[in-house]
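Structure file input13.txt (compact mmCIF, N, CA and C atoms) follows.
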```txt
# COMPACT_ATOMS: atom_id res chain seq x y z
N MET Z 1 55.73 110.77 -168.74
CA MET Z 1 55.40 109.40 -168.97
C MET Z 1 53.89 109.29 -169.23
N VAL Z 2 53.56 108.78 -170.36
CA VAL Z 2 52.16 108.64 -170.76
C VAL Z 2 51.70 107.22 -170.45
N ARG Z 3 50.62 107.16 -169.73
CA ARG Z 3 50.05 105.85 -169.43
C ARG Z 3 49.01 105.50 -170.48
N THR Z 4 49.09 104.31 -170.93
CA THR Z 4 48.09 103.86 -171.88
C THR Z 4 47.11 102.97 -171.13
N ALA Z 5 45.89 103.16 -171.41
CA ALA Z 5 44.85 102.36 -170.75
C ALA Z 5 44.90 100.94 -171.26
N LYS Z 6 44.81 100.03 -170.32
CA LYS Z 6 44.76 98.63 -170.71
C LYS Z 6 43.39 98.35 -171.31
N PRO Z 7 43.38 97.61 -172.39
CA PRO Z 7 42.07 97.29 -172.96
C PRO Z 7 41.28 96.43 -171.98
N LYS Z 8 40.04 96.80 -171.79
CA LYS Z 8 39.20 96.05 -170.87
C LYS Z 8 38.73 94.77 -171.51
N LYS Z 9 38.73 93.73 -170.71
CA LYS Z 9 38.23 92.46 -171.18
C LYS Z 9 36.73 92.58 -171.36
N GLU Z 10 36.26 92.23 -172.51
CA GLU Z 10 34.83 92.29 -172.78
C GLU Z 10 34.14 91.15 -172.04
N VAL Z 11 33.12 91.51 -171.28
CA VAL Z 11 32.41 90.54 -170.45
C VAL Z 11 30.98 90.45 -170.97
N SER Z 12 30.49 89.22 -171.09
CA SER Z 12 29.12 89.04 -171.55
C SER Z 12 28.15 89.52 -170.48
N MET Z 13 26.94 89.81 -170.88
CA MET Z 13 25.93 90.26 -169.95
C MET Z 13 25.68 89.19 -168.88
N GLU Z 14 25.65 87.94 -169.30
CA GLU Z 14 25.42 86.84 -168.37
C GLU Z 14 26.51 86.80 -167.29
N GLU Z 15 27.76 86.94 -167.71
CA GLU Z 15 28.87 86.94 -166.74
C GLU Z 15 28.76 88.12 -165.78
N ALA Z 16 28.44 89.29 -166.31
CA ALA Z 16 28.32 90.48 -165.47
C ALA Z 16 27.18 90.33 -164.47
N LEU Z 17 26.05 89.82 -164.93
CA LEU Z 17 24.91 89.62 -164.03
C LEU Z 17 25.25 88.59 -162.95
N TRP Z 18 25.90 87.51 -163.35
CA TRP Z 18 26.25 86.46 -162.39
C TRP Z 18 27.22 87.00 -161.33
N LYS Z 19 28.22 87.75 -161.78
CA LYS Z 19 29.22 88.32 -160.87
C LYS Z 19 28.55 89.26 -159.88
N ASN Z 20 27.66 90.12 -160.38
CA ASN Z 20 26.96 91.05 -159.50
C ASN Z 20 26.00 90.34 -158.56
N ALA Z 21 25.37 89.29 -159.04
CA ALA Z 21 24.46 88.51 -158.19
C ALA Z 21 25.23 87.87 -157.04
N ASP Z 22 26.41 87.33 -157.33
CA ASP Z 22 27.24 86.74 -156.28
C ASP Z 22 27.65 87.79 -155.24
N LYS Z 23 28.00 88.97 -155.73
CA LYS Z 23 28.40 90.05 -154.83
C LYS Z 23 27.21 90.47 -153.98
N PHE Z 24 26.05 90.60 -154.61
CA PHE Z 24 24.84 91.02 -153.92
C PHE Z 24 24.38 89.98 -152.91
N ARG Z 25 24.53 88.72 -153.26
CA ARG Z 25 24.06 87.62 -152.42
C ARG Z 25 24.76 87.60 -151.08
N GLY Z 26 26.03 87.93 -151.07
CA GLY Z 26 26.78 87.97 -149.82
C GLY Z 26 26.77 86.63 -149.11
N SER Z 27 26.31 86.62 -147.87
CA SER Z 27 26.35 85.41 -147.06
C SER Z 27 25.07 84.56 -147.16
N VAL Z 28 24.15 84.96 -148.01
CA VAL Z 28 22.90 84.20 -148.17
C VAL Z 28 23.19 82.94 -148.97
N GLU Z 29 22.67 81.83 -148.51
CA GLU Z 29 22.85 80.57 -149.22
C GLU Z 29 22.20 80.64 -150.60
N PRO Z 30 22.82 80.06 -151.62
CA PRO Z 30 22.25 80.11 -152.97
C PRO Z 30 20.81 79.60 -153.05
N ALA Z 31 20.47 78.57 -152.28
CA ALA Z 31 19.12 78.03 -152.32
C ALA Z 31 18.09 79.01 -151.74
N GLU Z 32 18.51 79.87 -150.84
CA GLU Z 32 17.62 80.86 -150.24
C GLU Z 32 17.60 82.17 -151.02
N TYR Z 33 18.58 82.38 -151.84
CA TYR Z 33 18.74 83.63 -152.57
C TYR Z 33 17.56 83.92 -153.48
N LYS Z 34 16.94 82.86 -154.01
CA LYS Z 34 15.81 83.06 -154.93
C LYS Z 34 14.68 83.82 -154.25
N TYR Z 35 14.48 83.62 -152.95
CA TYR Z 35 13.42 84.33 -152.25
C TYR Z 35 13.72 85.81 -152.14
N VAL Z 36 14.98 86.14 -151.95
CA VAL Z 36 15.40 87.53 -151.90
C VAL Z 36 15.16 88.18 -153.26
N VAL Z 37 15.64 87.53 -154.30
CA VAL Z 37 15.53 88.09 -155.65
C VAL Z 37 14.08 88.22 -156.09
N LEU Z 38 13.29 87.18 -155.88
CA LEU Z 38 11.88 87.24 -156.27
C LEU Z 38 11.14 88.33 -155.51
N SER Z 39 11.46 88.51 -154.26
CA SER Z 39 10.84 89.59 -153.48
C SER Z 39 11.20 90.95 -154.05
N LEU Z 40 12.46 91.12 -154.42
CA LEU Z 40 12.88 92.39 -155.01
C LEU Z 40 12.23 92.62 -156.37
N PHE Z 41 12.13 91.57 -157.18
CA PHE Z 41 11.43 91.70 -158.46
C PHE Z 41 9.99 92.12 -158.23
N PHE Z 42 9.33 91.48 -157.27
CA PHE Z 42 7.94 91.82 -156.96
C PHE Z 42 7.82 93.28 -156.55
N LEU Z 43 8.68 93.72 -155.63
CA LEU Z 43 8.60 95.10 -155.15
C LEU Z 43 8.87 96.11 -156.27
N LYS Z 44 9.84 95.80 -157.12
CA LYS Z 44 10.15 96.70 -158.24
C LYS Z 44 9.00 96.77 -159.22
N PHE Z 45 8.46 95.61 -159.58
CA PHE Z 45 7.37 95.58 -160.55
C PHE Z 45 6.11 96.23 -159.98
N ALA Z 46 5.77 95.90 -158.74
CA ALA Z 46 4.59 96.51 -158.10
C ALA Z 46 4.79 98.02 -157.99
N GLY Z 47 6.02 98.45 -157.70
CA GLY Z 47 6.33 99.87 -157.62
C GLY Z 47 6.19 100.58 -158.95
N ASP Z 48 6.63 99.93 -160.02
CA ASP Z 48 6.52 100.52 -161.36
C ASP Z 48 5.05 100.69 -161.76
N ILE Z 49 4.25 99.65 -161.51
CA ILE Z 49 2.82 99.71 -161.83
C ILE Z 49 2.14 100.78 -160.97
N PHE Z 50 2.50 100.85 -159.71
CA PHE Z 50 1.96 101.87 -158.81
C PHE Z 50 2.27 103.27 -159.33
N ASP Z 51 3.51 103.49 -159.75
CA ASP Z 51 3.91 104.81 -160.25
C ASP Z 51 3.13 105.20 -161.51
N VAL Z 52 2.91 104.25 -162.40
CA VAL Z 52 2.13 104.52 -163.61
C VAL Z 52 0.70 104.91 -163.23
N GLN Z 53 0.12 104.13 -162.30
CA GLN Z 53 -1.26 104.41 -161.86
C GLN Z 53 -1.34 105.76 -161.16
N LYS Z 54 -0.34 106.07 -160.35
CA LYS Z 54 -0.33 107.34 -159.62
C LYS Z 54 -0.31 108.53 -160.59
N LYS Z 55 0.50 108.43 -161.63
CA LYS Z 55 0.56 109.50 -162.64
C LYS Z 55 -0.77 109.63 -163.38
N MET Z 56 -1.38 108.48 -163.68
CA MET Z 56 -2.67 108.49 -164.37
C MET Z 56 -3.74 109.14 -163.50
N ILE Z 57 -3.74 108.82 -162.21
CA ILE Z 57 -4.72 109.40 -161.28
C ILE Z 57 -4.52 110.91 -161.19
N ALA Z 58 -3.27 111.35 -161.08
CA ALA Z 58 -2.98 112.78 -161.00
C ALA Z 58 -3.46 113.50 -162.25
N LYS Z 59 -3.26 112.88 -163.39
CA LYS Z 59 -3.64 113.49 -164.66
C LYS Z 59 -5.16 113.55 -164.83
N GLN Z 60 -5.84 112.44 -164.50
CA GLN Z 60 -7.29 112.38 -164.73
C GLN Z 60 -8.13 113.02 -163.62
N TYR Z 61 -7.69 112.89 -162.37
CA TYR Z 61 -8.53 113.31 -161.25
C TYR Z 61 -7.92 114.40 -160.38
N GLY Z 62 -6.64 114.64 -160.52
CA GLY Z 62 -5.98 115.65 -159.71
C GLY Z 62 -5.16 115.03 -158.61
N GLU Z 63 -4.22 115.80 -158.12
CA GLU Z 63 -3.26 115.31 -157.13
C GLU Z 63 -3.90 114.96 -155.79
N LYS Z 64 -5.04 115.55 -155.47
CA LYS Z 64 -5.64 115.27 -154.16
C LYS Z 64 -6.14 113.83 -154.04
N PHE Z 65 -6.27 113.11 -155.16
CA PHE Z 65 -6.73 111.73 -155.14
C PHE Z 65 -5.61 110.70 -155.28
N MET Z 66 -4.36 111.17 -155.32
CA MET Z 66 -3.24 110.25 -155.56
C MET Z 66 -3.02 109.26 -154.42
N ASP Z 67 -3.51 109.54 -153.24
CA ASP Z 67 -3.35 108.61 -152.12
C ASP Z 67 -4.68 107.96 -151.72
N THR Z 68 -5.63 107.94 -152.63
CA THR Z 68 -6.91 107.29 -152.38
C THR Z 68 -6.81 105.85 -152.86
N VAL Z 69 -6.89 104.92 -151.93
CA VAL Z 69 -6.69 103.50 -152.21
C VAL Z 69 -7.63 103.00 -153.29
N ALA Z 70 -8.87 103.42 -153.27
CA ALA Z 70 -9.88 102.93 -154.22
C ALA Z 70 -9.49 103.22 -155.67
N PHE Z 71 -8.75 104.28 -155.92
CA PHE Z 71 -8.34 104.61 -157.29
C PHE Z 71 -7.29 103.62 -157.81
N TYR Z 72 -6.66 102.89 -156.93
CA TYR Z 72 -5.69 101.87 -157.33
C TYR Z 72 -6.37 100.51 -157.45
N THR Z 73 -7.11 100.16 -156.42
CA THR Z 73 -7.71 98.82 -156.39
C THR Z 73 -8.77 98.62 -157.47
N LYS Z 74 -9.43 99.69 -157.91
CA LYS Z 74 -10.43 99.55 -158.97
C LYS Z 74 -9.80 99.05 -160.26
N ASP Z 75 -8.52 99.31 -160.44
CA ASP Z 75 -7.78 98.86 -161.63
C ASP Z 75 -6.82 97.71 -161.32
N ASN Z 76 -7.08 97.02 -160.20
CA ASN Z 76 -6.24 95.88 -159.80
C ASN Z 76 -4.78 96.25 -159.62
N VAL Z 77 -4.53 97.39 -159.03
CA VAL Z 77 -3.16 97.83 -158.75
C VAL Z 77 -3.02 97.89 -157.24
N PHE Z 78 -1.93 97.33 -156.73
CA PHE Z 78 -1.67 97.42 -155.30
C PHE Z 78 -1.46 98.88 -154.92
N TYR Z 79 -2.15 99.32 -153.86
CA TYR Z 79 -1.81 100.62 -153.30
C TYR Z 79 -0.61 100.38 -152.39
N LEU Z 80 0.46 101.12 -152.62
CA LEU Z 80 1.68 100.93 -151.85
C LEU Z 80 1.87 102.08 -150.87
N PRO Z 81 1.83 101.77 -149.56
CA PRO Z 81 2.17 102.81 -148.59
C PRO Z 81 3.62 103.27 -148.81
N GLU Z 82 3.95 104.40 -148.29
CA GLU Z 82 5.29 104.98 -148.53
C GLU Z 82 6.41 103.98 -148.25
N GLU Z 83 6.34 103.23 -147.15
CA GLU Z 83 7.42 102.32 -146.79
C GLU Z 83 7.50 101.09 -147.67
N SER Z 84 6.53 100.91 -148.57
CA SER Z 84 6.54 99.76 -149.48
C SER Z 84 6.88 100.16 -150.91
N ARG Z 85 7.16 101.39 -151.14
CA ARG Z 85 7.45 101.87 -152.50
C ARG Z 85 8.92 101.66 -152.84
N TRP Z 86 9.15 101.33 -154.10
CA TRP Z 86 10.51 101.08 -154.57
C TRP Z 86 11.40 102.31 -154.35
N SER Z 87 10.87 103.49 -154.61
CA SER Z 87 11.65 104.72 -154.44
C SER Z 87 12.11 104.88 -152.99
N TYR Z 88 11.26 104.55 -152.05
CA TYR Z 88 11.62 104.61 -150.63
C TYR Z 88 12.74 103.62 -150.32
N LEU Z 89 12.61 102.41 -150.83
CA LEU Z 89 13.62 101.39 -150.58
C LEU Z 89 14.97 101.77 -151.20
N MET Z 90 14.93 102.39 -152.37
CA MET Z 90 16.18 102.82 -153.00
C MET Z 90 16.86 103.93 -152.20
N GLU Z 91 16.07 104.82 -151.61
CA GLU Z 91 16.65 105.88 -150.77
C GLU Z 91 17.34 105.28 -149.54
N LYS Z 92 16.81 104.18 -149.04
CA LYS Z 92 17.33 103.56 -147.82
C LYS Z 92 18.26 102.38 -148.09
N ALA Z 93 18.60 102.13 -149.34
CA ALA Z 93 19.35 100.93 -149.73
C ALA Z 93 20.70 100.78 -149.05
N LYS Z 94 21.35 101.85 -148.72
CA LYS Z 94 22.69 101.79 -148.11
C LYS Z 94 22.65 101.64 -146.59
N GLN Z 95 21.47 101.66 -146.01
CA GLN Z 95 21.36 101.56 -144.55
C GLN Z 95 21.53 100.11 -144.10
N ASP Z 96 21.99 99.95 -142.89
CA ASP Z 96 22.26 98.62 -142.35
C ASP Z 96 21.01 97.77 -142.19
N ASP Z 97 19.87 98.40 -142.02
CA ASP Z 97 18.64 97.65 -141.79
C ASP Z 97 17.77 97.50 -143.05
N ILE Z 98 18.39 97.49 -144.21
CA ILE Z 98 17.63 97.41 -145.46
C ILE Z 98 16.84 96.10 -145.55
N ALA Z 99 17.39 95.01 -145.04
CA ALA Z 99 16.65 93.74 -145.08
C ALA Z 99 15.36 93.86 -144.29
N LEU Z 100 15.40 94.51 -143.16
CA LEU Z 100 14.20 94.73 -142.35
C LEU Z 100 13.21 95.62 -143.09
N LYS Z 101 13.71 96.63 -143.78
CA LYS Z 101 12.83 97.52 -144.55
C LYS Z 101 12.14 96.76 -145.69
N ILE Z 102 12.86 95.86 -146.33
CA ILE Z 102 12.26 95.06 -147.41
C ILE Z 102 11.20 94.13 -146.83
N ASP Z 103 11.51 93.46 -145.73
CA ASP Z 103 10.51 92.60 -145.07
C ASP Z 103 9.28 93.40 -144.66
N THR Z 104 9.49 94.58 -144.12
CA THR Z 104 8.37 95.44 -143.71
C THR Z 104 7.55 95.85 -144.92
N ALA Z 105 8.21 96.16 -146.02
CA ALA Z 105 7.49 96.53 -147.25
C ALA Z 105 6.59 95.40 -147.72
N LEU Z 106 7.12 94.18 -147.75
CA LEU Z 106 6.33 93.03 -148.18
C LEU Z 106 5.18 92.75 -147.22
N TYR Z 107 5.46 92.80 -145.93
CA TYR Z 107 4.44 92.54 -144.92
C TYR Z 107 3.32 93.58 -145.02
N THR Z 108 3.69 94.84 -145.19
CA THR Z 108 2.71 95.92 -145.27
C THR Z 108 1.81 95.76 -146.49
N ILE Z 109 2.38 95.40 -147.62
CA ILE Z 109 1.58 95.18 -148.82
C ILE Z 109 0.58 94.06 -148.57
N GLU Z 110 1.04 92.97 -148.00
CA GLU Z 110 0.17 91.83 -147.73
C GLU Z 110 -0.97 92.22 -146.79
N LYS Z 111 -0.67 92.95 -145.75
CA LYS Z 111 -1.69 93.31 -144.76
C LYS Z 111 -2.66 94.36 -145.28
N LYS Z 112 -2.21 95.24 -146.16
CA LYS Z 112 -3.08 96.28 -146.70
C LYS Z 112 -4.10 95.73 -147.70
N GLN Z 113 -3.82 94.59 -148.29
CA GLN Z 113 -4.73 93.97 -149.25
C GLN Z 113 -5.66 93.06 -148.47
N SER Z 114 -6.81 93.57 -148.07
CA SER Z 114 -7.68 92.76 -147.23
C SER Z 114 -9.11 92.76 -147.76
N GLY Z 115 -9.90 91.86 -147.21
CA GLY Z 115 -11.32 91.80 -147.53
C GLY Z 115 -11.58 91.56 -148.99
N ALA Z 116 -12.54 92.30 -149.55
CA ALA Z 116 -12.94 92.13 -150.94
C ALA Z 116 -11.83 92.49 -151.91
N GLU Z 117 -10.87 93.31 -151.45
CA GLU Z 117 -9.78 93.74 -152.32
C GLU Z 117 -8.69 92.69 -152.43
N ARG Z 118 -8.71 91.68 -151.55
CA ARG Z 118 -7.63 90.69 -151.53
C ARG Z 118 -7.77 89.74 -152.72
N ARG Z 119 -6.73 89.66 -153.48
CA ARG Z 119 -6.65 88.74 -154.62
C ARG Z 119 -5.24 88.20 -154.63
N SER Z 120 -5.02 87.21 -155.43
CA SER Z 120 -3.66 86.67 -155.49
C SER Z 120 -2.73 87.72 -156.10
N ALA Z 121 -1.53 87.79 -155.57
CA ALA Z 121 -0.54 88.76 -156.07
C ALA Z 121 -0.26 88.53 -157.54
N GLY Z 122 -0.16 87.27 -157.95
CA GLY Z 122 0.11 86.97 -159.34
C GLY Z 122 -0.97 87.49 -160.27
N GLN Z 123 -2.22 87.30 -159.90
CA GLN Z 123 -3.33 87.77 -160.74
C GLN Z 123 -3.33 89.28 -160.83
N LEU Z 124 -3.13 89.96 -159.69
CA LEU Z 124 -3.11 91.41 -159.71
C LEU Z 124 -1.96 91.94 -160.56
N LEU Z 125 -0.79 91.37 -160.38
CA LEU Z 125 0.36 91.86 -161.14
C LEU Z 125 0.22 91.56 -162.62
N PHE Z 126 -0.27 90.37 -162.95
CA PHE Z 126 -0.42 90.02 -164.35
C PHE Z 126 -1.42 90.94 -165.03
N SER Z 127 -2.57 91.16 -164.39
CA SER Z 127 -3.58 92.01 -165.02
C SER Z 127 -3.09 93.45 -165.13
N SER Z 128 -2.34 93.91 -164.13
CA SER Z 128 -1.80 95.27 -164.19
C SER Z 128 -0.76 95.38 -165.30
N ALA Z 129 0.11 94.39 -165.38
CA ALA Z 129 1.15 94.42 -166.41
C ALA Z 129 0.53 94.35 -167.78
N TYR Z 130 -0.48 93.52 -167.93
CA TYR Z 130 -1.15 93.38 -169.22
C TYR Z 130 -1.74 94.72 -169.67
N ARG Z 131 -2.41 95.38 -168.73
CA ARG Z 131 -3.05 96.65 -169.05
C ARG Z 131 -2.01 97.71 -169.43
N HIS Z 132 -0.88 97.70 -168.74
CA HIS Z 132 0.11 98.76 -168.96
C HIS Z 132 1.11 98.45 -170.07
N ASN Z 133 1.24 97.19 -170.44
CA ASN Z 133 2.21 96.85 -171.47
C ASN Z 133 1.80 95.56 -172.17
N LYS Z 134 0.81 95.62 -173.03
CA LYS Z 134 0.31 94.44 -173.71
C LYS Z 134 1.36 93.77 -174.59
N ALA Z 135 2.34 94.54 -175.04
CA ALA Z 135 3.35 94.00 -175.95
C ALA Z 135 4.25 92.95 -175.30
N CYS Z 136 4.30 92.90 -173.97
CA CYS Z 136 5.21 91.97 -173.32
C CYS Z 136 4.61 90.58 -173.14
N PHE Z 137 3.37 90.37 -173.58
CA PHE Z 137 2.73 89.08 -173.39
C PHE Z 137 2.73 88.28 -174.69
N PRO Z 138 2.69 86.96 -174.58
CA PRO Z 138 2.75 86.10 -175.76
C PRO Z 138 1.61 86.38 -176.73
N ALA Z 139 1.89 86.15 -178.00
CA ALA Z 139 0.87 86.34 -179.03
C ALA Z 139 -0.33 85.47 -178.73
N GLY Z 140 -1.51 86.01 -178.97
CA GLY Z 140 -2.73 85.25 -178.74
C GLY Z 140 -3.24 85.36 -177.32
N ARG Z 141 -2.48 85.99 -176.47
CA ARG Z 141 -2.90 86.16 -175.07
C ARG Z 141 -3.56 87.52 -174.95
N ASP Z 142 -4.88 87.56 -175.11
CA ASP Z 142 -5.56 88.85 -175.13
C ASP Z 142 -6.30 89.17 -173.83
N GLN Z 143 -6.24 88.27 -172.86
CA GLN Z 143 -6.88 88.51 -171.57
C GLN Z 143 -5.90 88.19 -170.45
N PRO Z 144 -5.97 88.92 -169.37
CA PRO Z 144 -5.15 88.59 -168.22
C PRO Z 144 -5.54 87.22 -167.67
N TYR Z 145 -4.63 86.62 -166.97
CA TYR Z 145 -4.86 85.32 -166.36
C TYR Z 145 -6.02 85.42 -165.38
N GLN Z 146 -6.93 84.50 -165.45
CA GLN Z 146 -8.02 84.40 -164.49
C GLN Z 146 -7.88 83.12 -163.72
N HIS Z 147 -7.83 83.21 -162.43
CA HIS Z 147 -7.67 82.03 -161.58
C HIS Z 147 -8.93 81.17 -161.69
N ARG Z 148 -8.75 79.90 -161.94
CA ARG Z 148 -9.87 78.97 -162.01
C ARG Z 148 -9.84 78.09 -160.78
N ARG Z 149 -10.99 77.91 -160.19
CA ARG Z 149 -11.06 77.05 -158.99
C ARG Z 149 -11.58 75.69 -159.33
```
Represent the structure of the file as structure tokens.
Amino acid sequence: MVRTAKPKKEVSMEEALWKNADKFRGSVEPAEYKYVVLSLFFLKFAGDIFDVQKKMIAKQYGEKFMDTVAFYTKDNVFYLPEESRWSYLMEKAKQDDIALKIDTALYTIEKKQSGAERRSAGQLLFSSAYRHNKACFPAGRDQPYQHRR
């Protein structure tokens, strides 16, 4: 007896994302879910920029400087301790205390950015993103956002 595969219903990207978001959201109220998602976006983006900077530091200065905070902050990149890195969070994603690990990652990033190095997260991320991928910004936008007081 030969089984024929049932044709799969084609699902739009929007439907697939929405379905997965609902599954991921679990018991979190929809109004609170945005904070979870935005935090994860922040950690992923900060982690990607950190990884790019880390590779650049290794290439230009050598591996012994890869954990020197000043090599990150001079280019407006968050230095991420191990527990705040996306790769670390992905390794621990299946653990029961992942929410605590994410909170700890965010708290650690906030506390490590102190004194003269402290700037708004948005400004740091925007300037880092601009430097690493100018093509993703609107036409005519040739400078990173500068906070005006």
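Of note, CA of Lys44 in chain Z and CA of Glu10 in chain Z are spaced 29.0 Å apart.
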Take CA of Val77 in chain Z and CA of Lys94 in chain Z and report the distance between them in Å, one decimal.
28.2 Å
So how far away is atom N of Leu80 in chain Z from atom N of Thr68 in chain Z, in Å?
9.1 Å
